[in-house]
Amino acid sequence: MLEVIEVSKMFGRNVVLKNVTFSLKNGILGIYGANGSGKTTLLKIISGFEKPSCGRVFFNGREITNKAPQEIVKLGVAMAFQIPRVFWNLTVHENVLLAARETHYTAEICKELNLEDVLFKKAKEISQGKVKLLQLAMCFALKPKLALLDEPFASLDAENVEVVLEFLKKRGSEISMIITAHRTKILKIIASQMLEIRGGKIVGSS
Amino acid sequence: MLVGIAIRILVLVLLILPAFLDCYTKLLAASALTLAIFTVSWLYLEKDLGWASLGHSIPFGVSAYLFAINPLLLFFSPLTTFLLFPLSIFGKHTFPFASFVFSVFLWYLAHHIVFEGKGGEEGFRAPSINLDLIYLISVTILILSCLLIWKISNSYFGLKVKAVRDDEIAAKAIGINPLLFKVFGFAISCSLASIAGILHAAIFGHVSPGVFSPYFSLFPFVAATIGQGKIWSSILGSYTVVFLSWFLSPYVPEFHYAIYAVALILASYTQSYARSDRSV
């Protein structure tokens, strides 16, 4: 499904990713590493929000390396950002509706992700934890084939971590995912494969 | 809610009453009407798209000039979008200044536009249309403009426009191409501003470099600030500025600048989508 071939990324002289190569056929891939190891940059390159300095990315046999993010979304790759990118002046319902394009599925996703109590509040009026859940709802409302989740458990309390874990487990059979995290503890519960990234390079896999 | 209803009734009275009054009052009301359309066009750009233009006289004035030079050129007036839209490259924070600077540049340039021996500082004569007819057309266009903007704003398409306003990256992340929606939004706003410019030229039968002056560049911003960003109140704001300026200018010359100064101070307290930003 996804092939990342010798992807490197430099910001000026700073090498963030170096010859990263891996593939994902299906299932949930967990990528863990310290702050600044290159996890977010890798996901942004796959989703089209960053262009690699060199290397190529293929999705379902089609090269997506230099495609615009909105085109990659249409091919079935959706991203949930570490720092949520939502529409702050629109309601939670409107945010999810824009991604889902139908009211029934919007309601279903919001219910599963514990957003019913804030459905008609504006995104700027809800807590950071709820914004994180909203970001996830928008990502999965697109019905992607591959979901890229950058630190989905950060800023969540224990109750909402459980909600998200249940949600991801349920969706894991239909949707492939790449999930990044600092630590392996939560990833081990859900991921079928793991990659460790350090200094922009893949140093271990299991 | 009661205040909202009262404002709507007052606006309707202001639209209907002048039709039965003397020529001078009707002329004044027609001017306020075209500037109200102008303000509505500005408000759509600021509220739904998040771009506060201080150079909205660009589509307004260019269309007035095109109409004056040759009435058939009015069909090209929506293309004024491509005079204002490229300035968005400077970003939302710098766009107001860039648009203002460009409008001042056009103000200067207009002094040197000469066509068939006419123009320059004196400007051009525009086709003059019967005042009653132009008044009726202006009222119709104002109502249709408000309905159009309300319809677009509350549609799924309008929701996408607002999404692009809030966060272009988030829009791309859900498959929306921000460029298309920005161009569309600018086109709607500039087209309405162009219509206002053409009506203005038709009412007065004349167009001069003054259409690019700061009076017109800043007018919709001032009227919308007085109206606190709401359509009906902003229409009332347009009437307020025009009537106050015309009635008080004999006693306090250039009185409208005093109104502009007050509006600029008030602007920092009123809600503005162009400035709204949640820092994460």
# chains A, B, ... in the order shown; residues from 1 in each chain; ligands from 1
call {"tool": "interface_residues", "arguments": {"of": "chain A", "to": "chain B", "cutoff": "8 Å", "atoms": "only C-alpha atoms", "output": "PyMOL selection string"}}
result
chain A and resi 69-74+78-79+83+85-90+94+98-99+124+138-139+142
call {"tool": "residues_around", "arguments": {"residues": "Ile16 of chain B", "least_positions_apart": "6", "cutoff": "12 Å", "atoms": "only C-alpha atoms", "output": "number ranges by chain"}}
result
B: 9-10, 26, 29-30, 33, 132, 135-136, 138-140
call {"tool": "select_by_dssp", "arguments": {"residues": "chain A", "states": "alpha helix (DSSP H)", "output": "MDAnalysis selection string"}}
result
chainID A and resid 39:47 69:75 92:100 103:112 128:141 158:171 184:190
call {"tool": "closest_residue", "arguments": {"among": "B:Leu264, B:Ala52, B:Cys23, B:Ala201", "to": "Leu84 of chain B", "atoms": "only C-alpha atoms"}}
result
B:Ala52
call {"tool": "residues_around", "arguments": {"residues": "Ser192 of chain A", "least_positions_apart": "2", "cutoff": "12 Å", "atoms": "only C-alpha atoms", "output": "ChimeraX atom specification"}}
result
/A:24-31,169,172-173,176-179,187-190,194-195,205-206
call {"tool": "write_last_selection", "arguments": {"atoms": "N, CA and C atoms", "output": "PDB file, in the first residue's frame"}}
result
ATOM      1  N   LEU A  24       4.505  -0.330   4.030  1.00  0.00           N
ATOM      2  CA  LEU A  24       3.377  -0.776   4.858  1.00  0.00           C
ATOM      3  C   LEU A  24       2.326  -1.367   3.936  1.00  0.00           C
ATOM      4  N   LYS A  25       2.054  -2.652   4.091  1.00  0.00           N
ATOM      5  CA  LYS A  25       1.042  -3.273   3.226  1.00  0.00           C
ATOM      6  C   LYS A  25      -0.351  -3.072   3.827  1.00  0.00           C
ATOM      7  N   ASN A  26      -0.487  -3.384   5.103  1.00  0.00           N
ATOM      8  CA  ASN A  26      -1.738  -3.117   5.825  1.00  0.00           C
ATOM      9  C   ASN A  26      -1.447  -3.191   7.320  1.00  0.00           C
ATOM     10  N   GLY A  27      -2.440  -2.874   8.127  1.00  0.00           N
ATOM     11  CA  GLY A  27      -2.260  -2.926   9.572  1.00  0.00           C
ATOM     12  C   GLY A  27      -1.861  -1.576  10.138  1.00  0.00           C
ATOM     13  N   ILE A  28      -1.407  -1.628  11.396  1.00  0.00           N
ATOM     14  CA  ILE A  28      -1.057  -0.381  12.081  1.00  0.00           C
ATOM     15  C   ILE A  28       0.444  -0.375  12.355  1.00  0.00           C
ATOM     16  N   LEU A  29       1.110   0.632  11.834  1.00  0.00           N
ATOM     17  CA  LEU A  29       2.553   0.795  12.021  1.00  0.00           C
ATOM     18  C   LEU A  29       2.783   1.864  13.078  1.00  0.00           C
ATOM     19  N   GLY A  30       3.526   1.521  14.094  1.00  0.00           N
ATOM     20  CA  GLY A  30       3.863   2.505  15.127  1.00  0.00           C
ATOM     21  C   GLY A  30       5.284   3.004  14.901  1.00  0.00           C
ATOM     22  N   ILE A  31       5.445   4.304  14.902  1.00  0.00           N
ATOM     23  CA  ILE A  31       6.796   4.884  14.766  1.00  0.00           C
ATOM     24  C   ILE A  31       7.077   5.660  16.048  1.00  0.00           C
ATOM     25  N   LYS A 169      -8.751   0.714  17.470  1.00  0.00           N
ATOM     26  CA  LYS A 169      -8.783  -0.758  17.353  1.00  0.00           C
ATOM     27  C   LYS A 169      -9.937  -1.174  16.435  1.00  0.00           C
ATOM     28  N   GLY A 172      -9.081  -0.293  12.933  1.00  0.00           N
ATOM     29  CA  GLY A 172      -7.814  -0.883  12.464  1.00  0.00           C
ATOM     30  C   GLY A 172      -7.973  -2.007  11.470  1.00  0.00           C
ATOM     31  N   SER A 173      -9.118  -2.676  11.507  1.00  0.00           N
ATOM     32  CA  SER A 173      -9.334  -3.788  10.573  1.00  0.00           C
ATOM     33  C   SER A 173      -9.646  -3.283   9.162  1.00  0.00           C
ATOM     34  N   SER A 176      -5.635   1.189   7.298  1.00  0.00           N
ATOM     35  CA  SER A 176      -4.232   1.108   7.714  1.00  0.00           C
ATOM     36  C   SER A 176      -3.857   2.424   8.367  1.00  0.00           C
ATOM     37  N   MET A 177      -2.914   2.343   9.311  1.00  0.00           N
ATOM     38  CA  MET A 177      -2.539   3.568  10.026  1.00  0.00           C
ATOM     39  C   MET A 177      -1.039   3.614  10.275  1.00  0.00           C
ATOM     40  N   ILE A 178      -0.531   4.822  10.352  1.00  0.00           N
ATOM     41  CA  ILE A 178       0.816   5.055  10.873  1.00  0.00           C
ATOM     42  C   ILE A 178       0.630   5.987  12.055  1.00  0.00           C
ATOM     43  N   ILE A 179       1.074   5.521  13.235  1.00  0.00           N
ATOM     44  CA  ILE A 179       0.879   6.304  14.457  1.00  0.00           C
ATOM     45  C   ILE A 179       2.257   6.613  15.042  1.00  0.00           C
ATOM     46  N   LEU A 187       1.765   2.366  22.010  1.00  0.00           N
ATOM     47  CA  LEU A 187       1.857   1.835  20.652  1.00  0.00           C
ATOM     48  C   LEU A 187       1.814   0.307  20.657  1.00  0.00           C
ATOM     49  N   LYS A 188       2.424  -0.288  21.660  1.00  0.00           N
ATOM     50  CA  LYS A 188       2.489  -1.756  21.720  1.00  0.00           C
ATOM     51  C   LYS A 188       1.095  -2.374  21.857  1.00  0.00           C
ATOM     52  N   ILE A 189       0.162  -1.611  22.438  1.00  0.00           N
ATOM     53  CA  ILE A 189      -1.212  -2.112  22.621  1.00  0.00           C
ATOM     54  C   ILE A 189      -1.900  -2.254  21.275  1.00  0.00           C
ATOM     55  N   ILE A 190      -1.544  -1.388  20.344  1.00  0.00           N
ATOM     56  CA  ILE A 190      -2.354  -1.268  19.141  1.00  0.00           C
ATOM     57  C   ILE A 190      -1.618  -1.591  17.837  1.00  0.00           C
ATOM     58  N   MET A 194       6.384  -2.071  14.407  1.00  0.00           N
ATOM     59  CA  MET A 194       6.972  -0.888  15.057  1.00  0.00           C
ATOM     60  C   MET A 194       8.266  -0.506  14.368  1.00  0.00           C
ATOM     61  N   LEU A 195       8.499   0.787  14.306  1.00  0.00           N
ATOM     62  CA  LEU A 195       9.772   1.292  13.786  1.00  0.00           C
ATOM     63  C   LEU A 195      10.321   2.294  14.791  1.00  0.00           C
ATOM     64  N   SER A 205      13.388  -2.110  13.906  1.00  0.00           N
ATOM     65  CA  SER A 205      12.002  -2.434  13.538  1.00  0.00           C
ATOM     66  C   SER A 205      11.624  -3.751  14.184  1.00  0.00           C
ATOM     67  N   SER A 206      10.333  -3.913  14.436  1.00  0.00           N
ATOM     68  CA  SER A 206       9.836  -5.161  15.020  1.00  0.00           C
ATOM     69  C   SER A 206       8.411  -5.409  14.573  1.00  0.00           C
TER      70      SER A 206
END
